[in-house]
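Chemist: What follows is a single structure, and I will ask about it in a moment.
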Amino acid sequence: MNPYEAKLEARRDRLLERAAKHRHISEASFQRVHRIADNIPFGQPILVGHHSERHHRADIARIDSGMRKGIDEGKYADELQHRADTLGTHGVSSDDPEAVVKLKEQLDEAEKVQAVMKAANYIIRGAPKNELTAPKLTSLGVLGINEARARTLFTPDFCGRIGFADYALTNNGANIRRLKTRIEELSKHDDREAKETEYKGFKVVENPDVNRVQIVFPGKPSAEVRGVCKRNGFHWSPSEGAWQRHLNNGGVWAAKNVAEALGKVQP
C-alpha cells in the first residue's frame, strides 16, 4: 500500500466513524421520540384549557423535532457511508504516486479494445458484407470474441447498424486521447521542481511532493484575505499549514490571481 492508498484508507476510516456517530444520534433521537409518545395515551386529543395542555403541546413539538432530527441524521449517516464505500472508485487520482502506471495500464487496455473493434468490423464487412458465415465466426474467435457475442454483432441494432457502432469507436478513441493527455501532464509533473515565491506578508509554494500549490501566511489571515483564497479555489489544510489546491496549470494561474489581489489588501 503506497502513501496515497494509506491516506485513502485513513479517510475511509474517518468517514465510517462519522457515519456511525450520526447513525447513533439518529437512533437516540428516535428512541427519545418513542419514550415521549409512550407517555401520551393513544388518540388523546389536546385538552384545551386543561392544565395538561401546555405539556401536551410541548410533547408534540418535541416529537416533531425529534423525528426530523432522526431522519436528517440518518440521511447524513447514509451519505457518509456512501462516500466511504465509493472512496477511490472514481478513476485514478493525480495524487496517487502510481497514477502514471495505472493510467498506462488503462491506455493499453483501451487501445487493445479499439484494435479489436476495428478488426472485427473489417471481418464483418468483408464479403459477403454483413452476413454471418462460419469463417467469419472463426476469425472473430481469434480476436477473442466468443461465438455468442460474435453472433450479436451480425444482428442490427435499433438503428440498423451491424458490428461495433461508430459511436463506440469514437467514444473509446476520445478516452484514449484523454488518457494520453493525462499521462503526458502527470509525466511533466514528475519532473516539476519545488518553487517558492515570496510576497509581502505571504508566499506561494509550488509543492510537487504533495501535488499542491500552496499559499502560506505567517499567521491567520484576515477574513477578507481568506475570502480571496476561497474564491480562487483554495482550501485551508491544517496538516500542511497552508491554503492550497491541486498543482496544475489552473492552480498556478489561480495562485497568481490571489497574489495580485492580495497586493491590494493586507494579509
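We name chains A, B, ... following the order of the C-alpha cells; residues begin at 1 in each chain, and ligands are numbered from 1 as shown.
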Just asking: which residues within range 11-108 of chain A are alpha helix (DSSP H) according to DSSP, as a PyMOL selection string?

Modeler: chain A and resi 11-38+53-86+99-108

Chemist: Can I get the selection written as an mmCIF file, in the first residue's frame, with C-alpha atoms?

Modeler:
```cif
data_model
loop_
_atom_site.group_PDB
_atom_site.id
_atom_site.type_symbol
_atom_site.label_atom_id
_atom_site.label_comp_id
_atom_site.auth_asym_id
_atom_site.auth_seq_id
_atom_site.Cartn_x
_atom_site.Cartn_y
_atom_site.Cartn_z
ATOM 1 C CA ARG A 11 -10.014 8.929 5.212
ATOM 2 C CA ARG A 12 -12.368 5.972 4.723
ATOM 3 C CA ASP A 13 -11.993 5.077 8.413
ATOM 4 C CA ARG A 14 -12.825 8.668 9.416
ATOM 5 C CA LEU A 15 -15.919 8.685 7.205
ATOM 6 C CA LEU A 16 -17.103 5.378 8.655
ATOM 7 C CA GLU A 17 -16.516 6.681 12.176
ATOM 8 C CA ARG A 18 -18.555 9.807 11.446
ATOM 9 C CA ALA A 19 -21.297 7.702 9.822
ATOM 10 C CA ALA A 20 -21.522 5.536 12.941
ATOM 11 C CA LYS A 21 -21.673 8.644 15.143
ATOM 12 C CA HIS A 22 -24.548 10.200 13.220
ATOM 13 C CA ARG A 23 -26.322 6.846 12.996
ATOM 14 C CA HIS A 24 -26.153 6.661 16.799
ATOM 15 C CA ILE A 25 -27.535 10.207 17.094
ATOM 16 C CA SER A 26 -30.383 9.279 14.737
ATOM 17 C CA GLU A 27 -31.295 6.154 16.709
ATOM 18 C CA ALA A 28 -31.085 8.009 20.035
ATOM 19 C CA SER A 29 -33.387 10.716 18.692
ATOM 20 C CA PHE A 30 -35.990 8.162 17.596
ATOM 21 C CA GLN A 31 -35.770 6.443 20.983
ATOM 22 C CA ARG A 32 -36.490 9.748 22.764
ATOM 23 C CA VAL A 33 -39.473 10.293 20.495
ATOM 24 C CA HIS A 34 -40.837 6.848 21.354
ATOM 25 C CA ARG A 35 -40.419 7.486 25.087
ATOM 26 C CA ILE A 36 -42.340 10.754 24.833
ATOM 27 C CA ALA A 37 -45.042 9.199 22.657
ATOM 28 C CA ASP A 38 -45.455 6.265 25.071
ATOM 29 C CA GLU A 53 -52.454 21.500 27.523
ATOM 30 C CA ARG A 54 -49.067 23.216 27.668
ATOM 31 C CA HIS A 55 -47.231 19.983 28.446
ATOM 32 C CA HIS A 56 -49.118 18.100 25.716
ATOM 33 C CA ARG A 57 -48.271 20.727 23.090
ATOM 34 C CA ALA A 58 -44.614 20.714 24.186
ATOM 35 C CA ASP A 59 -44.516 16.929 23.837
ATOM 36 C CA ILE A 60 -45.934 17.141 20.312
ATOM 37 C CA ALA A 61 -43.327 19.764 19.401
ATOM 38 C CA ARG A 62 -40.535 17.568 20.833
ATOM 39 C CA ILE A 63 -41.834 14.556 18.909
ATOM 40 C CA ASP A 64 -41.884 16.559 15.672
ATOM 41 C CA SER A 65 -38.371 17.969 16.132
ATOM 42 C CA GLY A 66 -37.066 14.593 17.280
ATOM 43 C CA MET A 67 -38.467 12.818 14.237
ATOM 44 C CA ARG A 68 -36.976 15.446 11.927
ATOM 45 C CA LYS A 69 -33.608 15.185 13.621
ATOM 46 C CA GLY A 70 -33.672 11.389 13.482
ATOM 47 C CA ILE A 71 -34.486 11.432 9.774
ATOM 48 C CA ASP A 72 -31.889 14.109 8.944
ATOM 49 C CA GLU A 73 -29.149 12.409 10.958
ATOM 50 C CA GLY A 74 -29.991 9.064 9.344
ATOM 51 C CA LYS A 75 -29.783 10.568 5.856
ATOM 52 C CA TYR A 76 -26.441 12.189 6.666
ATOM 53 C CA ALA A 77 -25.128 8.888 8.048
ATOM 54 C CA ASP A 78 -26.184 7.185 4.785
ATOM 55 C CA GLU A 79 -24.379 9.884 2.788
ATOM 56 C CA LEU A 80 -21.185 9.425 4.817
ATOM 57 C CA GLN A 81 -21.437 5.652 4.398
ATOM 58 C CA HIS A 82 -21.843 6.054 0.632
ATOM 59 C CA ARG A 83 -18.825 8.375 0.467
ATOM 60 C CA ALA A 84 -16.757 5.821 2.397
ATOM 61 C CA ASP A 85 -17.927 2.966 0.147
ATOM 62 C CA THR A 86 -17.149 4.828 -3.090
ATOM 63 C CA ALA A 99 -1.037 7.304 -11.255
ATOM 64 C CA VAL A 100 1.060 7.184 -14.442
ATOM 65 C CA VAL A 101 1.494 3.400 -14.177
ATOM 66 C CA LYS A 102 -2.247 2.884 -13.639
ATOM 67 C CA LEU A 103 -3.174 5.241 -16.467
ATOM 68 C CA LYS A 104 -0.787 3.461 -18.832
ATOM 69 C CA GLU A 105 -2.495 0.181 -17.953
ATOM 70 C CA GLN A 106 -5.872 1.754 -18.760
ATOM 71 C CA LEU A 107 -4.469 3.177 -22.006
ATOM 72 C CA ASP A 108 -3.083 -0.208 -23.032
#
```

Chemist: Pick the closest to Phe164 in chain A from A:Ala194, A:Lys118, A:Glu206, A:Ile40: which is it, counting only C-alpha atoms?

Modeler: A:Lys118

Chemist: With range 172-185 of chain A as the partner and 12 Å as the cut-off, tabulate the residues of range 145-168 of chain A that qualify, each row holding the nearest pair of atoms and their distance in Å to one decimal, using only C-alpha atoms, sorted by chain and rising number, as JSON lines.

Modeler:
```
{"residue": "A:Phe164", "atom": "CA", "partner": "A:Asn172", "partner_atom": "CA", "distance": 11.5}
{"residue": "A:Ala165", "atom": "CA", "partner": "A:Asn172", "partner_atom": "CA", "distance": 11.2}
{"residue": "A:Asp166", "atom": "CA", "partner": "A:Asn172", "partner_atom": "CA", "distance": 10.0}
{"residue": "A:Tyr167", "atom": "CA", "partner": "A:Asn172", "partner_atom": "CA", "distance": 8.3}
{"residue": "A:Ala168", "atom": "CA", "partner": "A:Asn172", "partner_atom": "CA", "distance": 6.1}
```

Chemist: How would the residues just picked look written out with N, CA and C atoms as a PDB file, in the first residue's frame?

Modeler:
```pdb
ATOM      1  N   PHE A 164     -19.634  -3.276 -34.515  1.00  0.00           N
ATOM      2  CA  PHE A 164     -19.458  -2.254 -33.481  1.00  0.00           C
ATOM      3  C   PHE A 164     -19.835  -0.896 -34.048  1.00  0.00           C
ATOM      4  N   ALA A 165     -20.740  -0.204 -33.362  1.00  0.00           N
ATOM      5  CA  ALA A 165     -21.230   1.089 -33.855  1.00  0.00           C
ATOM      6  C   ALA A 165     -20.110   2.123 -33.885  1.00  0.00           C
ATOM      7  N   ASP A 166     -20.259   3.083 -34.801  1.00  0.00           N
ATOM      8  CA  ASP A 166     -19.245   4.140 -34.919  1.00  0.00           C
ATOM      9  C   ASP A 166     -19.060   4.892 -33.606  1.00  0.00           C
ATOM     10  N   TYR A 167     -20.166   5.101 -32.853  1.00  0.00           N
ATOM     11  CA  TYR A 167     -20.048   5.874 -31.619  1.00  0.00           C
ATOM     12  C   TYR A 167     -19.188   5.152 -30.591  1.00  0.00           C
ATOM     13  N   ALA A 168     -19.183   3.794 -30.638  1.00  0.00           N
ATOM     14  CA  ALA A 168     -18.357   3.031 -29.704  1.00  0.00           C
ATOM     15  C   ALA A 168     -16.882   3.281 -29.987  1.00  0.00           C
TER      16      ALA A 168
END
```

Chemist: Step one, run DSSP on the backbone; step two, keep only residues of range 2-240 of chain A assigned to strand (DSSP E or B); then write them as number ranges by chain.

Modeler: A: 195-199, 202-207, 212-216, 235-237
